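Structure file work_14.txt with compact mmCIF, C-alpha atoms:
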```
# COMPACT_ATOMS: atom_id res chain seq x y z
CA MET X 858 18.62 -1.02 -11.84
CA THR X 859 16.20 1.42 -13.46
CA PHE X 860 13.01 3.24 -12.52
CA ASP X 861 11.08 4.69 -15.43
CA ILE X 862 7.58 5.81 -14.47
CA PRO X 863 6.05 9.31 -14.51
CA SER X 864 6.24 11.02 -11.12
CA ASN X 865 3.29 12.63 -9.32
CA LEU X 866 0.87 11.68 -12.09
CA ILE X 867 -1.99 9.18 -11.93
CA VAL X 868 -1.73 6.83 -14.92
CA PRO X 869 -4.04 3.98 -16.08
CA VAL X 870 -2.68 0.45 -15.80
CA ASP X 871 -4.07 -2.36 -17.95
CA VAL X 872 -1.32 -4.94 -17.38
CA VAL X 873 0.70 -5.57 -14.21
CA ASP X 874 3.81 -7.69 -14.67
CA VAL X 875 5.83 -7.44 -11.46
CA ARG X 876 8.12 -10.42 -10.96
CA LEU X 877 9.82 -11.76 -7.86
CA ASP X 878 13.55 -12.29 -8.45
CA PRO X 879 15.01 -15.04 -6.21
CA GLU X 880 18.35 -13.22 -5.99
CA PRO X 881 19.05 -10.96 -2.98
CA HIS X 882 18.39 -7.26 -3.47
CA PRO X 883 21.76 -5.48 -3.85
CA PHE X 884 20.57 -2.78 -1.42
CA GLU X 885 20.21 -5.36 1.35
CA THR X 886 23.56 -6.99 0.61
CA VAL X 887 25.55 -3.76 0.46
CA ASN X 888 23.92 -2.18 3.52
CA ALA X 889 23.79 -5.15 5.90
CA ALA X 890 25.59 -3.42 8.79
CA ALA X 891 23.61 -0.19 8.50
CA ILE X 892 20.36 -2.18 8.34
CA GLU X 893 21.19 -3.92 11.63
CA GLU X 894 22.12 -0.66 13.33
CA ASN X 895 18.93 1.05 12.20
CA TRP X 896 16.80 -1.94 13.21
CA ARG X 897 18.18 -1.83 16.74
CA ALA X 898 17.19 1.84 16.94
CA GLU X 899 13.73 1.19 15.45
CA THR X 900 12.94 -1.64 17.87
CA ARG X 901 14.13 0.35 20.86
CA ALA X 902 11.62 3.03 19.85
CA ASN X 903 8.87 0.51 19.04
CA PRO X 904 9.41 -2.98 20.52
CA SER X 905 6.27 -4.31 18.79
CA LEU X 906 7.94 -4.21 15.35
CA PHE X 907 8.34 -7.61 13.68
CA ASP X 908 11.14 -8.40 11.25
CA GLY X 909 9.09 -10.21 8.62
CA THR X 910 9.57 -10.42 4.86
CA VAL X 911 8.45 -7.81 2.32
CA VAL X 912 9.68 -6.88 -1.16
CA LEU X 913 11.65 -3.99 -2.63
CA LEU X 914 11.94 -3.15 -6.32
CA SER X 915 15.14 -3.11 -8.33
CA ARG X 916 13.38 -2.21 -11.59
CA LEU X 917 10.15 -0.44 -12.51
CA ALA X 918 8.87 0.70 -15.89
CA TYR X 919 5.59 2.02 -17.28
CA GLU X 920 4.66 2.33 -20.95
CA GLY X 921 1.35 2.24 -22.78
CA GLY X 922 -0.65 1.03 -19.80
CA ARG X 923 1.83 -1.74 -18.99
CA PHE X 924 3.37 -1.73 -15.50
CA GLU X 925 6.50 -3.88 -15.24
CA GLY X 926 8.83 -4.45 -12.34
CA ARG X 927 11.34 -6.71 -10.72
CA CYS X 928 11.48 -7.09 -6.96
CA HIS X 929 13.28 -9.10 -4.29
CA ALA X 930 12.25 -10.45 -0.92
CA VAL X 931 13.95 -8.50 1.89
CA ARG X 932 13.75 -8.27 5.65
CA TYR X 933 11.34 -5.72 7.09
CA ALA X 934 14.43 -4.29 8.75
CA THR X 935 15.80 -3.62 5.26
CA PHE X 936 12.61 -1.83 4.28
CA MET X 937 12.81 0.34 7.40
CA HIS X 938 16.38 1.35 6.54
CA TRP X 939 15.34 2.03 2.94
CA ARG X 940 12.64 4.41 4.23
CA ARG X 941 15.37 6.55 5.75
CA GLU X 942 17.74 6.37 2.79
CA ARG X 943 15.38 6.13 -0.19
CA ALA X 944 16.47 9.37 -1.86
CA ASN X 945 19.97 7.95 -2.24
CA THR X 946 19.25 4.33 -3.19
CA ALA X 947 18.70 2.26 -6.31
CA ALA X 948 15.67 0.57 -4.76
CA GLY X 949 11.97 1.29 -4.76
CA HIS X 950 8.77 0.33 -2.98
CA VAL X 951 5.47 -0.67 -4.55
CA PHE X 952 2.26 -1.19 -2.59
CA ALA X 953 -1.43 -1.53 -3.40
CA HIS X 954 -4.64 0.20 -2.31
CA ALA X 955 -8.14 -1.13 -2.57
CA MET X 956 -10.04 2.15 -2.86
CA LEU X 957 -13.25 1.24 -1.02
CA VAL X 958 -16.24 3.19 -2.34
CA SER X 959 -19.48 3.07 -0.34
CA ARG X 960 -22.95 3.03 -1.89
CA ASP X 961 -23.25 6.76 -1.14
CA ASN X 962 -19.92 7.43 -2.93
CA ALA X 963 -17.84 8.08 0.18
CA LEU X 964 -14.34 6.65 0.47
CA VAL X 965 -13.57 4.29 3.34
CA ALA X 966 -10.03 4.69 4.69
CA ILE X 967 -8.42 3.63 7.97
CA ARG X 968 -6.29 5.19 10.69
CA MET X 969 -3.31 3.12 11.81
CA ALA X 970 -3.04 1.98 15.42
CA ALA X 971 -0.58 3.46 17.91
CA ASN X 972 1.69 0.39 17.92
CA THR X 973 2.37 0.47 14.17
CA VAL X 974 5.09 2.16 12.11
CA ASN X 975 2.60 4.64 10.65
CA ALA X 976 0.77 5.31 13.90
CA GLY X 977 -2.10 7.78 13.45
CA ARG X 978 -1.69 8.06 9.69
CA VAL X 979 -4.68 7.75 7.38
CA TYR X 980 -4.76 5.85 4.09
CA PHE X 981 -6.66 3.03 2.41
CA ALA X 982 -6.14 -0.38 4.00
CA ALA X 983 -2.85 -1.63 2.59
CA GLY X 984 0.45 -3.32 3.22
CA SER X 985 3.69 -4.02 1.44
CA PHE X 986 3.74 -6.92 -0.98
CA GLU X 987 4.95 -10.14 0.61
CA PRO X 988 6.10 -13.40 -1.04
CA VAL X 989 2.60 -14.86 -0.42
CA ASP X 990 1.22 -12.25 -2.84
CA PHE X 991 3.07 -13.81 -5.78
CA ALA X 992 1.75 -16.69 -7.90
CA ASP X 993 4.27 -18.44 -10.15
CA GLY X 994 6.64 -15.53 -9.55
CA ALA X 995 4.18 -12.80 -10.59
CA ALA X 996 2.47 -10.32 -8.26
CA ASP X 997 -1.26 -10.90 -7.72
CA VAL X 998 -2.32 -7.34 -6.93
CA ASP X 999 -5.94 -8.12 -6.09
CA PHE X 1000 -4.91 -10.95 -3.77
CA ASN X 1001 -2.76 -8.47 -1.85
CA MET X 1002 -5.60 -5.93 -1.70
CA ILE X 1003 -8.18 -8.48 -0.54
CA ARG X 1004 -5.80 -9.93 2.06
CA GLU X 1005 -4.85 -6.57 3.55
CA VAL X 1006 -8.43 -5.27 3.69
CA ALA X 1007 -9.55 -8.44 5.49
CA GLU X 1008 -6.66 -8.32 7.96
CA GLU X 1009 -7.14 -4.66 8.87
CA THR X 1010 -10.92 -4.15 8.62
CA GLY X 1011 -12.55 -7.59 8.65
CA LEU X 1012 -14.28 -6.82 5.34
CA ASP X 1013 -14.36 -9.51 2.65
CA ILE X 1014 -14.13 -7.77 -0.74
CA SER X 1015 -13.19 -10.87 -2.74
CA SER X 1016 -16.47 -11.10 -4.63
CA ILE X 1017 -17.70 -7.49 -4.84
CA PRO X 1018 -17.67 -5.38 -8.04
CA ARG X 1019 -14.41 -3.65 -8.82
CA GLY X 1020 -13.11 -1.06 -11.24
CA GLU X 1021 -12.26 -2.07 -14.79
CA ARG X 1022 -8.55 -1.36 -14.37
CA TYR X 1023 -5.79 -0.37 -11.98
CA TYR X 1024 -4.19 3.04 -11.74
CA ALA X 1025 -0.75 3.98 -10.46
CA LEU X 1026 0.79 6.98 -8.74
CA SER X 1027 4.53 7.22 -8.23
CA THR X 1028 6.00 9.65 -5.68
CA GLU X 1029 9.26 9.95 -3.79
CA ARG X 1030 7.74 7.72 -1.08
CA GLY X 1031 7.00 4.84 -3.45
CA THR X 1032 4.54 3.70 -6.08
CA VAL X 1033 0.94 2.82 -5.29
CA LEU X 1034 -1.26 0.66 -7.50
CA PHE X 1035 -4.93 1.23 -6.76
CA ARG X 1036 -8.33 0.06 -7.88
CA ARG X 1037 -11.88 0.92 -6.86
CA TYR X 1038 -13.95 -1.68 -5.02
CA PHE X 1039 -17.68 -0.90 -4.75
CA LEU X 1040 -19.40 -1.72 -1.46
CA ASP X 1041 -23.17 -2.29 -1.33
CA GLU X 1042 -23.61 -0.35 1.93
CA ASN X 1043 -23.61 3.29 2.92
CA ALA X 1044 -20.47 4.65 4.56
CA ASP X 1045 -21.96 4.74 8.06
CA GLU X 1046 -22.93 1.07 7.84
CA VAL X 1047 -19.44 0.10 6.65
CA SER X 1048 -17.91 2.18 9.43
CA ARG X 1049 -19.94 0.35 12.09
CA ARG X 1050 -18.88 -3.03 10.73
CA ILE X 1051 -15.20 -2.06 10.84
CA GLU X 1052 -15.52 -0.61 14.35
CA THR X 1053 -17.08 -3.87 15.56
CA PHE X 1054 -14.24 -5.86 14.02
CA VAL X 1055 -11.54 -3.64 15.53
CA ALA X 1056 -13.16 -3.81 18.99
CA GLY X 1057 -12.87 -7.61 18.90
CA GLU X 1058 -9.20 -7.70 17.85
CA PRO X 1059 -6.67 -7.82 20.72
CA ASP X 1060 -3.86 -6.49 18.50
CA ALA X 1061 -5.73 -4.54 15.85
CA GLU X 1062 -3.56 -2.92 13.19
CA ILE X 1063 -5.92 0.05 12.91
CA SER X 1064 -7.59 2.32 15.44
CA GLY X 1065 -10.70 2.59 13.29
CA PRO X 1066 -12.26 3.64 9.96
CA VAL X 1067 -12.08 7.12 8.43
CA ILE X 1068 -14.88 8.17 6.09
CA ILE X 1069 -14.02 10.74 3.40
CA ARG X 1070 -17.07 12.33 1.78
CA GLY X 1071 -15.50 14.85 -0.58
CA ALA X 1072 -12.29 16.26 -2.04
CA ASP X 1073 -12.21 18.91 0.70
CA ASP X 1074 -12.94 16.41 3.49
CA LEU X 1075 -9.30 15.66 4.27
CA PRO X 1076 -8.72 14.13 7.72
CA GLU X 1077 -5.83 14.91 10.04
CA GLY X 1078 -2.93 12.53 9.55
CA LEU X 1079 -3.61 11.89 5.87
CA MET X 1080 -0.62 10.36 4.08
CA PRO X 1081 0.64 12.72 1.33
CA HIS X 1082 -0.05 10.33 -1.55
CA MET X 1083 -3.73 10.10 -0.57
CA LYS X 1084 -4.74 13.65 -1.50
CA PRO X 1085 -4.37 13.18 -5.28
CA LEU X 1086 -6.20 9.84 -5.10
CA ILE X 1087 -9.11 11.46 -3.24
CA GLU X 1088 -9.27 14.37 -5.68
CA TRP X 1089 -9.14 11.93 -8.60
CA HIS X 1090 -12.10 9.94 -7.26
CA PHE X 1091 -14.36 12.87 -6.50
CA ALA X 1092 -13.55 14.47 -9.87
CA GLY X 1093 -15.19 11.42 -11.43
CA GLN X 1094 -12.02 10.10 -13.04
CA GLY X 1095 -11.49 6.54 -14.15
```
Written as structure tokens, how would this file's structure read?
Amino acid sequence: MTFDIPSNLIVPVDVVDVRLDPEPHPFETVNAAAIEENWRAETRANPSLFDGTVVLLSRLAYEGGRFEGRCHAVRYATFMHWRRERANTAAGHVFAHAMLVSRDNALVAIRMAANTVNAGRVYFAAGSFEPVDFADGAADVDFNMIREVAEETGLDISSIPRGERYYALSTERGTVLFRRYFLDENADEVSRRIETFVAGEPDAEISGPVIIRGADDLPEGLMPHMKPLIEWHFAGQG
């Protein structure tokens, strides 16, 4: 199990080849008892948690714009245990961000709802890859982005203009693949649409939109990996 990608550096990605391995992830097999114990503690603290299926990496490599990985379907309980132990494991997490850019060049992020794992935290609409995000064993990054944005904000970004390529940022918390999506509305209009959607959802995943208008406009609760992405955008990169 190897992880070979530059840390804390935004890199361009032209090819994504992340494959779903049908074999169990060794981390889940070896740590079964600890995973159960941690899950009991997590659900006592937050009974709304659901033990679904996500993926964890066992291999990740980046070279010459090519992003390659191997991952395995695991329980959400396994992911939660990995979050606590990640510094000492041979496993990794990859997730995707659709970087929503309004017509007036603001960034449209979201704040997570109180009943979620990341309650109150701010980042671009996103979620872990799930088996449904793989076609013929390969990750469909845009499918994941489009699905998560629709689930959390009600916005359909499936047919809007998008950036020419992906970019990646790897930190100790995981690796994010991101891509700009260009909305044909000003930030305030987009914000109202999201607020209307959230108000109509009985179990909304987010508490509402967060508009970021500049590199110094950093909201409270911002996830650490977001700051370099925001600075990158407003510096006119990509």
Response to the item:
Students should find that CA of Val998 in chain X and CA of Pro1018 in chain X are spaced 15.5 Å
Item to complete: May I ask for the distance between CA of Phe907 in chain X and CA of Thr1032 in chain X, given in Å to one decimal place?
Response: 23.1 Å
Fill in: 6 Å contact set for range 931-940 of chain X, only C-alpha atoms, chain neighbours under 4 positions out, as number ranges by chain
X: 892, 896, 908-912
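Our summary of the geometry notes that CA of Ile1063 in chain X is positioned 26.8 Å from CA of Ile867 in chain X.
Nearest to Gly949 in chain X of all the residues X:Ser905, X:Asn1043, X:Asn1001, X:Ser1027 is X:Ser1027, based on only C-alpha atoms.
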Determine, using only C-alpha atoms, which residues of range 1019-1049 of chain X have any atom at most 12 Å from an atom of range 974-987 of chain X, and tabulate each with its shortest atom pair and distance in Å to one decimal place, rows ordered by chain and then rising number, as CSV.
```
residue,atom,partner,partner_atom,distance
X:Gly1031,CA,X:Ser985,CA,10.6
X:Thr1032,CA,X:Ser985,CA,10.8
X:Val1033,CA,X:Ala983,CA,9.8
X:Leu1034,CA,X:Ala983,CA,10.5
X:Phe1035,CA,X:Phe981,CA,9.5
X:Arg1036,CA,X:Phe981,CA,10.8
X:Arg1037,CA,X:Phe981,CA,10.8
X:Tyr1038,CA,X:Phe981,CA,11.4
```
File dump, residues just selected, C-alpha atoms, as a compact mmCIF listing (two decimals), in the coordinates of the input:
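Contents of the output file out-v5.txt:
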```txt
# COMPACT_ATOMS: atom_id res chain seq x y z
CA GLY X 1031 7.00 4.84 -3.45
CA THR X 1032 4.54 3.70 -6.08
CA VAL X 1033 0.94 2.82 -5.29
CA LEU X 1034 -1.26 0.66 -7.50
CA PHE X 1035 -4.93 1.23 -6.76
CA ARG X 1036 -8.33 0.06 -7.88
CA ARG X 1037 -11.88 0.92 -6.86
CA TYR X 1038 -13.95 -1.68 -5.02
```
Item to complete: Have a look at X:Leu1086, X:Val868, X:Ile1003, X:Ala891 and name the one nearest to Glu942 in chain X; count all atoms listed in the file.
Response: X:Ala891
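Of the residues listed (X:Arg1030, X:Met1083, X:Leu1040, X:Ala963), X:Leu1040 shows the shortest atom-to-atom separation from Ser1015 in chain X; distances use only C-alpha atoms.
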